[in-house]
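**Student:** Here it is, the structure in full.
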2 protein chains.
Amino acid sequence: MRISTRGEYGVRAMVYMALNYLDGDIPLSRIALEENISQQYLEQIFSPLRQSGLINSKRGAKGGYTLARSPEKIFVGDIIRALEGPIAPVECVSDQKKNEDCRCGKSDNCLARQVWEKLRDHINELLNDISLQDMLDWKH
Amino acid sequence: MRISTRGEYGVRAMVYMALNYLDGDIPLSRIALEENISQQYLEQIFSPLRQSGLINSKRGAKGGYTLARSPEKIFVGDIIRALEGPIAPVECVSDQKKNEDCRCGKSDNCLARQVWEKLRDHINELLNDISLQDMLDWKH
DNA sequence: TTTAAAGTTGAGTGAATTAGTATGTATTAC
DNA sequence: GTAATACATACTAATTCACTCAACTTTAAA
């Protein structure tokens with residue numbers, strides 16, 4: 001039950017962006033430096049964040065990234081899903097999958113499946129309810 | 001955010017054991033057949049389940065496995081933890097780890113960490129609350 | 001108009017993990 | 001003694017992870 005470093009770094013980077021929301025465009029070099037993450041790896045991470053519409057980019061000198069909307073409108077769930085795809089503890093309860101694709105072969109009376117569905121929904125509800133602004137507010 | 005097939009198969013096998021709780025010793029060959037899981041792989045999965053005290057084993061002909069206690073006293077969280085270790089979305093909120101080991105270097109004001117802690121606790125609370133008996137009761 | 005700073009893209013890579021197989025040993029019922 | 005079972009260890013092919021590397025495009029500023 002681990003998220004990858006993409007998700008982990010992505011959340012940290014987005015929190016950093018939220019903390020510095022008023023600074024305008026923030027170059028990756030700055031995030032890489034302050035969060036101690038490889039800049040080239042961050043580039044890979046920011047690409048799907050941009051494609052998901054969570055951040056805007058500006059190319060060229062003095063360019064960088066900005067949050068696409070205010071921190072209270074961006075949720076951890078958005079970030080994780082952008083970076084790791086649909087949140088699902090097993091393949092057969094992922095959005096793209098239908099019951100029939102289940103490894104277990106039980107089309108509708110798979111008791112285990114109901115656990116995975118509950119777990120999936122629980123995780124999504126939690127992560128969809130934590131905004132970047134919520135996280136900023138936690139700061140003592 | 002996936003669990004491994006060990007956890008997935010482990011839960012299915014344990015549900016099977018619960019469904020057939022009154023049958024006495026159940027050999028792996030039967031579970032492997034009915035749940036369509038490799039018997040050799042199941043052997044690897046049952047070893048930590050036994051070491052965690054969730055099942056008892058009897059060797060030799062007519063041997064097999066039985067639940068170590070009744071289905072209402074065995075929880076999905078027990079099974080997952082036995083097979084995958086502590087449930088934690090990132091390493092730095094795993095039981096074994098201390099704050100200082102965190103990749104981010106922020107000893108106590110890591111905002112991201114608080115998300116992972118909430119997520120960890122949420123998942124554990126859910127899985128610690130679903131017993132095998134609960135699952136049997138779901139059966140239409 | 002040049003230059004440097006920045007984003008964008010795709011390929012490559014070594015290490016680790018996953019999802020199993022394969023093989024052999026020990027124990028027990030009959 | 002034999003067959004059925006648990007137990008244990010080693011092996012492996014494929015995949016994923018966590019990056020690095022290299023090339024290109026765009027833009028601001030000198």
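Residue numbering restarts at 1 for every chain of the structure tokens, chains are lettered A, B, ... in their displayed order, and ligands are numbered from 1 as they appear.
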Check range 16-64 of chain A with DSSP on the backbone and list each residue it calls helix (DSSP H, G or I), as an MDAnalysis selection string.
**Tutor:** chainID A and resid 16:19 21:23 28:35 39:51
**Student:** Report as a VMD selection string all protein, DNA and RNA residues lying within 12 Å of range 10-15 of chain D, evaluated on only C-alpha atoms (C1' of nucleotides), omitting residues in the same chain fewer than 6 positions from it.
**Tutor:** chain C and resid 16 to 24
**Student:** The selected residues should be written to file as an mmCIF file, in the first residue's frame (atoms: C-alpha atoms (C1' of nucleotides)).
**Tutor:**
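Ended up saving to part14.cif:
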```cif
data_model
loop_
_atom_site.group_PDB
_atom_site.id
_atom_site.type_symbol
_atom_site.label_atom_id
_atom_site.label_comp_id
_atom_site.auth_asym_id
_atom_site.auth_seq_id
_atom_site.Cartn_x
_atom_site.Cartn_y
_atom_site.Cartn_z
ATOM 1 C "C1'" DA C 16 14.491 -3.404 -6.978
ATOM 2 C "C1'" DT C 17 10.149 -5.639 -6.784
ATOM 3 C "C1'" DT C 18 6.612 -8.723 -8.335
ATOM 4 C "C1'" DA C 19 4.572 -12.837 -9.309
ATOM 5 C "C1'" DG C 20 5.308 -16.484 -9.686
ATOM 6 C "C1'" DT C 21 8.215 -21.796 -10.618
ATOM 7 C "C1'" DA C 22 10.984 -25.447 -9.312
ATOM 8 C "C1'" DT C 23 12.786 -28.580 -6.217
ATOM 9 C "C1'" DG C 24 13.485 -30.869 -2.179
#
```
**Student:** Once you count only C-alpha atoms (C1' of nucleotides), which residues of chain C turn out to be within 9 Å of chain A? Could you give them as an MDAnalysis selection string?
**Tutor:** chainID C and resid 4:8
**Student:** Could you pull the residues within 10 Å of Pro86 in chain A, counting only C-alpha atoms (C1' of nucleotides), minus those fewer than 6 positions along the same chain, as a ChimeraX atom specification?
**Tutor:** /A:77-78,80,93-96,120,124 /B:1
**Student:** DSSP on the backbone: which residues in range 6-130 of chain B end up as strand (DSSP E or B)? Give the answer as a PyMOL selection string.
**Tutor:** chain B and resi 26+55-58+64-67+75
**Student:** I'd like a table as a tab-separated table: residues in chain D with an atom no more than 7 Å from chain B, each row giving the shortest atom pair and its distance in Å to one decimal, only C-alpha atoms (C1' of nucleotides) counted, sorted by chain and rising residue number.
**Tutor:**
```
residue	atom	partner	partner_atom	distance
D:DA4	C1'	B:Ala61	CA	4.3
D:DT5	C1'	B:Gly60	CA	4.4
D:DA6	C1'	B:Arg59	CA	4.7
```
**Student:** What are the residues of chain A lining chain B at 10 Å or less? Count only C-alpha atoms, and put the answer as a CSV table (one decimal) with N, CA, C and O atoms, in the first residue's frame.
**Tutor:**
```
chain,number,residue,atom,x,y,z
A,1,MET,N,0.8,-1.2,0.0
A,1,MET,CA,0.0,0.0,0.0
A,1,MET,C,0.9,1.3,0.0
A,1,MET,O,0.7,2.1,0.9
A,2,ARG,N,1.7,1.4,-0.9
A,2,ARG,CA,2.6,2.6,-1.0
A,2,ARG,C,2.2,3.4,-2.2
A,2,ARG,O,1.8,2.9,-3.3
A,3,ILE,N,2.3,4.7,-2.1
A,3,ILE,CA,2.3,5.6,-3.3
A,3,ILE,C,3.7,5.7,-3.8
A,3,ILE,O,4.7,5.5,-3.0
A,4,SER,N,3.9,6.0,-5.0
A,4,SER,CA,5.3,6.1,-5.6
A,4,SER,C,5.9,7.5,-5.2
A,4,SER,O,5.2,8.4,-4.7
A,5,THR,N,7.2,7.6,-5.4
A,5,THR,CA,7.8,8.9,-5.2
A,5,THR,C,7.3,10.0,-6.1
A,5,THR,O,7.4,11.2,-5.7
A,7,GLY,N,4.1,10.5,-6.7
A,7,GLY,CA,3.0,11.1,-5.9
A,7,GLY,C,3.6,11.9,-4.7
A,7,GLY,O,3.1,13.0,-4.3
A,8,GLU,N,4.5,11.3,-4.0
A,8,GLU,CA,5.1,11.9,-2.8
A,8,GLU,C,5.7,13.2,-3.1
A,8,GLU,O,5.4,14.2,-2.5
A,9,TYR,N,6.6,13.2,-4.2
A,9,TYR,CA,7.3,14.5,-4.6
A,9,TYR,C,6.3,15.5,-5.1
A,9,TYR,O,6.4,16.7,-4.9
A,10,GLY,N,5.3,14.9,-5.9
A,10,GLY,CA,4.3,15.8,-6.5
A,10,GLY,C,3.5,16.6,-5.4
A,10,GLY,O,3.3,17.8,-5.6
A,11,VAL,N,3.1,15.9,-4.4
A,11,VAL,CA,2.4,16.6,-3.3
A,11,VAL,C,3.3,17.7,-2.6
A,11,VAL,O,2.9,18.8,-2.4
A,12,ARG,N,4.5,17.3,-2.4
A,12,ARG,CA,5.4,18.2,-1.7
A,12,ARG,C,5.7,19.4,-2.6
A,12,ARG,O,5.6,20.6,-2.1
A,13,ALA,N,5.8,19.2,-3.9
A,13,ALA,CA,6.0,20.3,-4.8
A,13,ALA,C,4.8,21.2,-4.9
A,13,ALA,O,4.9,22.5,-5.0
A,14,MET,N,3.6,20.6,-4.9
A,14,MET,CA,2.4,21.4,-5.0
A,14,MET,C,2.2,22.2,-3.7
A,14,MET,O,1.7,23.3,-3.8
A,15,VAL,N,2.5,21.6,-2.6
A,15,VAL,CA,2.4,22.4,-1.4
A,15,VAL,C,3.4,23.6,-1.4
A,15,VAL,O,3.1,24.7,-1.0
A,16,TYR,N,4.6,23.3,-1.9
A,16,TYR,CA,5.5,24.4,-2.1
A,16,TYR,C,5.0,25.5,-3.0
A,16,TYR,O,5.1,26.7,-2.6
A,34,GLU,N,15.0,23.8,-3.1
A,34,GLU,CA,14.4,23.9,-1.8
A,34,GLU,C,13.8,22.7,-1.3
A,34,GLU,O,13.8,22.4,-0.1
A,35,GLU,N,13.3,21.8,-2.2
A,35,GLU,CA,12.7,20.6,-1.7
A,35,GLU,C,13.6,19.4,-1.8
A,35,GLU,O,13.3,18.3,-1.5
A,36,ASN,N,14.8,19.7,-2.4
A,36,ASN,CA,15.8,18.7,-2.5
A,36,ASN,C,15.3,17.5,-3.3
A,36,ASN,O,15.4,16.3,-2.9
A,37,ILE,N,14.8,17.8,-4.5
A,37,ILE,CA,14.4,16.8,-5.4
A,37,ILE,C,15.1,17.0,-6.8
A,37,ILE,O,15.3,18.2,-7.1
A,76,VAL,N,-5.6,17.0,-2.8
A,76,VAL,CA,-4.5,16.0,-2.8
A,76,VAL,C,-4.9,14.9,-3.8
A,76,VAL,O,-4.1,14.4,-4.5
A,80,ILE,N,-2.6,13.2,-6.7
A,80,ILE,CA,-2.3,11.8,-6.8
A,80,ILE,C,-2.8,11.1,-8.1
A,80,ILE,O,-2.1,10.4,-8.7
A,84,GLU,N,-0.5,9.2,-10.6
A,84,GLU,CA,-0.5,7.7,-10.5
A,84,GLU,C,-1.7,7.1,-11.1
A,84,GLU,O,-1.9,5.9,-11.0
A,85,GLY,N,-2.6,7.8,-11.8
A,85,GLY,CA,-3.8,7.2,-12.3
A,85,GLY,C,-4.8,7.0,-11.3
A,85,GLY,O,-4.6,7.4,-10.1
A,86,PRO,N,-5.9,6.3,-11.6
A,86,PRO,CA,-7.0,6.1,-10.7
A,86,PRO,C,-6.5,5.4,-9.4
A,86,PRO,O,-5.7,4.5,-9.4
A,87,ILE,N,-7.0,5.9,-8.3
A,87,ILE,CA,-6.7,5.3,-7.0
A,87,ILE,C,-7.5,4.1,-6.8
A,87,ILE,O,-8.7,4.2,-6.6
A,88,ALA,N,-6.9,2.9,-6.7
A,88,ALA,CA,-7.6,1.7,-6.5
A,88,ALA,C,-6.6,0.6,-6.0
A,88,ALA,O,-5.5,0.5,-6.5
A,89,PRO,N,-7.0,0.0,-4.9
A,89,PRO,CA,-6.1,-1.0,-4.2
A,89,PRO,C,-5.8,-2.2,-5.0
A,89,PRO,O,-4.8,-2.8,-4.9
A,90,VAL,N,-6.8,-2.6,-5.9
A,90,VAL,CA,-6.5,-3.7,-6.8
A,90,VAL,C,-7.1,-3.3,-8.2
A,90,VAL,O,-8.0,-2.5,-8.3
A,91,GLU,N,-6.5,-4.0,-9.2
A,91,GLU,CA,-6.8,-3.6,-10.6
A,91,GLU,C,-8.3,-3.6,-10.8
A,91,GLU,O,-8.9,-2.8,-11.5
A,103,ARG,N,-9.4,-11.1,-11.6
A,103,ARG,CA,-8.6,-12.3,-11.5
A,103,ARG,C,-9.4,-13.5,-10.9
A,103,ARG,O,-9.2,-14.6,-11.3
A,104,CYS,N,-10.3,-13.1,-10.0
A,104,CYS,CA,-10.9,-14.2,-9.2
A,104,CYS,C,-12.0,-14.9,-10.0
A,104,CYS,O,-12.4,-16.0,-9.7
A,105,GLY,N,-12.5,-14.3,-11.1
A,105,GLY,CA,-13.4,-15.0,-11.9
A,105,GLY,C,-14.9,-14.9,-11.4
A,105,GLY,O,-15.8,-15.2,-12.2
A,106,LYS,N,-15.0,-14.5,-10.2
A,106,LYS,CA,-16.4,-14.4,-9.6
A,106,LYS,C,-17.0,-13.1,-10.1
A,106,LYS,O,-16.6,-12.0,-9.7
A,109,ASN,N,-20.3,-12.1,-7.0
A,109,ASN,CA,-20.4,-12.4,-5.6
A,109,ASN,C,-19.0,-12.5,-5.0
A,109,ASN,O,-18.7,-13.4,-4.2
A,110,CYS,N,-18.0,-11.6,-5.4
A,110,CYS,CA,-16.7,-11.7,-4.9
A,110,CYS,C,-16.7,-10.8,-3.6
A,110,CYS,O,-16.8,-9.6,-3.6
A,111,LEU,N,-16.6,-11.5,-2.5
A,111,LEU,CA,-16.6,-10.8,-1.2
A,111,LEU,C,-15.4,-9.9,-1.0
A,111,LEU,O,-15.5,-8.8,-0.5
A,112,ALA,N,-14.2,-10.4,-1.5
A,112,ALA,CA,-13.0,-9.6,-1.4
A,112,ALA,C,-13.2,-8.3,-2.1
A,112,ALA,O,-12.8,-7.2,-1.6
A,113,ARG,N,-13.8,-8.4,-3.3
A,113,ARG,CA,-14.0,-7.2,-4.1
A,113,ARG,C,-14.7,-6.1,-3.3
A,113,ARG,O,-14.3,-4.9,-3.5
A,114,GLN,N,-15.6,-6.4,-2.5
A,114,GLN,CA,-16.3,-5.4,-1.7
A,114,GLN,C,-15.4,-4.7,-0.7
A,114,GLN,O,-15.6,-3.5,-0.4
A,115,VAL,N,-14.4,-5.4,-0.2
A,115,VAL,CA,-13.4,-4.8,0.6
A,115,VAL,C,-12.7,-3.7,-0.2
A,115,VAL,O,-12.5,-2.6,0.2
A,116,TRP,N,-12.2,-4.2,-1.4
A,116,TRP,CA,-11.4,-3.2,-2.2
A,116,TRP,C,-12.2,-2.0,-2.6
A,116,TRP,O,-11.7,-0.9,-2.7
A,118,LYS,N,-14.7,-0.7,-0.9
A,118,LYS,CA,-14.8,0.2,0.3
A,118,LYS,C,-13.5,1.0,0.5
A,118,LYS,O,-13.5,2.2,0.8
A,119,LEU,N,-12.4,0.2,0.4
A,119,LEU,CA,-11.1,0.9,0.6
A,119,LEU,C,-10.8,2.0,-0.4
A,119,LEU,O,-10.4,3.1,-0.1
A,120,ARG,N,-11.1,1.6,-1.7
A,120,ARG,CA,-11.0,2.6,-2.7
A,120,ARG,C,-11.8,3.9,-2.4
A,120,ARG,O,-11.2,5.0,-2.5
A,122,HIS,N,-13.0,4.9,0.4
A,122,HIS,CA,-12.5,5.6,1.6
A,122,HIS,C,-11.3,6.5,1.3
A,122,HIS,O,-11.2,7.6,1.8
A,123,ILE,N,-10.4,5.9,0.6
A,123,ILE,CA,-9.1,6.7,0.3
A,123,ILE,C,-9.5,7.9,-0.6
A,123,ILE,O,-9.0,9.0,-0.3
A,124,ASN,N,-10.3,7.7,-1.6
A,124,ASN,CA,-10.7,8.8,-2.5
A,124,ASN,C,-11.4,9.9,-1.7
A,124,ASN,O,-11.1,11.1,-1.9
A,126,LEU,N,-11.2,10.7,1.4
A,126,LEU,CA,-10.2,11.4,2.3
A,126,LEU,C,-9.4,12.4,1.4
A,126,LEU,O,-9.3,13.5,1.7
A,127,LEU,N,-8.8,11.8,0.4
A,127,LEU,CA,-7.9,12.7,-0.4
A,127,LEU,C,-8.6,13.7,-1.2
A,127,LEU,O,-8.0,14.8,-1.5
A,130,ILE,N,-9.0,16.9,1.2
A,130,ILE,CA,-7.9,17.7,1.7
A,130,ILE,C,-7.4,18.6,0.6
A,130,ILE,O,-6.9,18.1,-0.4
A,132,LEU,N,-5.0,21.9,-0.8
A,132,LEU,CA,-3.7,22.5,-0.5
A,132,LEU,C,-3.9,23.6,0.6
A,132,LEU,O,-3.0,23.7,1.5
A,134,ASP,N,-6.1,23.6,3.0
A,134,ASP,CA,-6.1,22.9,4.3
A,134,ASP,C,-4.8,22.6,4.8
A,134,ASP,O,-4.5,22.8,6.0
A,135,MET,N,-3.9,22.2,4.0
A,135,MET,CA,-2.5,21.9,4.4
A,135,MET,C,-1.8,23.1,4.9
A,135,MET,O,-1.1,23.1,5.9
A,136,LEU,N,-1.9,24.2,4.2
A,136,LEU,CA,-1.3,25.4,4.6
A,136,LEU,C,-1.8,25.8,6.0
A,136,LEU,O,-1.0,26.3,6.9
A,137,ASP,N,-3.1,25.6,6.2
A,137,ASP,CA,-3.7,26.0,7.5
A,137,ASP,C,-3.1,25.1,8.7
A,137,ASP,O,-3.2,25.5,9.8
A,138,TRP,N,-2.6,23.9,8.4
A,138,TRP,CA,-2.1,23.1,9.4
A,138,TRP,C,-0.8,23.7,10.0
A,138,TRP,O,-0.3,23.3,11.0
A,139,LYS,N,-0.1,24.5,9.2
A,139,LYS,CA,1.2,25.0,9.6
A,139,LYS,C,1.1,25.7,10.9
A,139,LYS,O,0.3,26.7,11.0
A,140,HIS,N,1.8,25.3,11.9
A,140,HIS,CA,1.6,25.8,13.3
A,140,HIS,C,1.7,27.3,13.3
A,140,HIS,O,0.9,28.1,13.6
```
**Student:** Could you tell me how far CA of Glu72 in chain B sits from CA of Asp129 in chain B, in Å to one decimal place?
**Tutor:**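 CA of Asp129 in chain B sits 10.2 Å away from CA of Glu72 in chain B.
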**Student:** Could you work out how far CA of Ala18 in chain A lies from CA of Gln133 in chain A, giving the answer in Å with one decimal?
**Tutor:**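 It comes out at 7.5 Å.
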**Student:** What does the structure give for the distance between CA of Leu33 in chain B and C1' of DG1 in chain D, in Å to one decimal?
**Tutor:** 28.4 Å
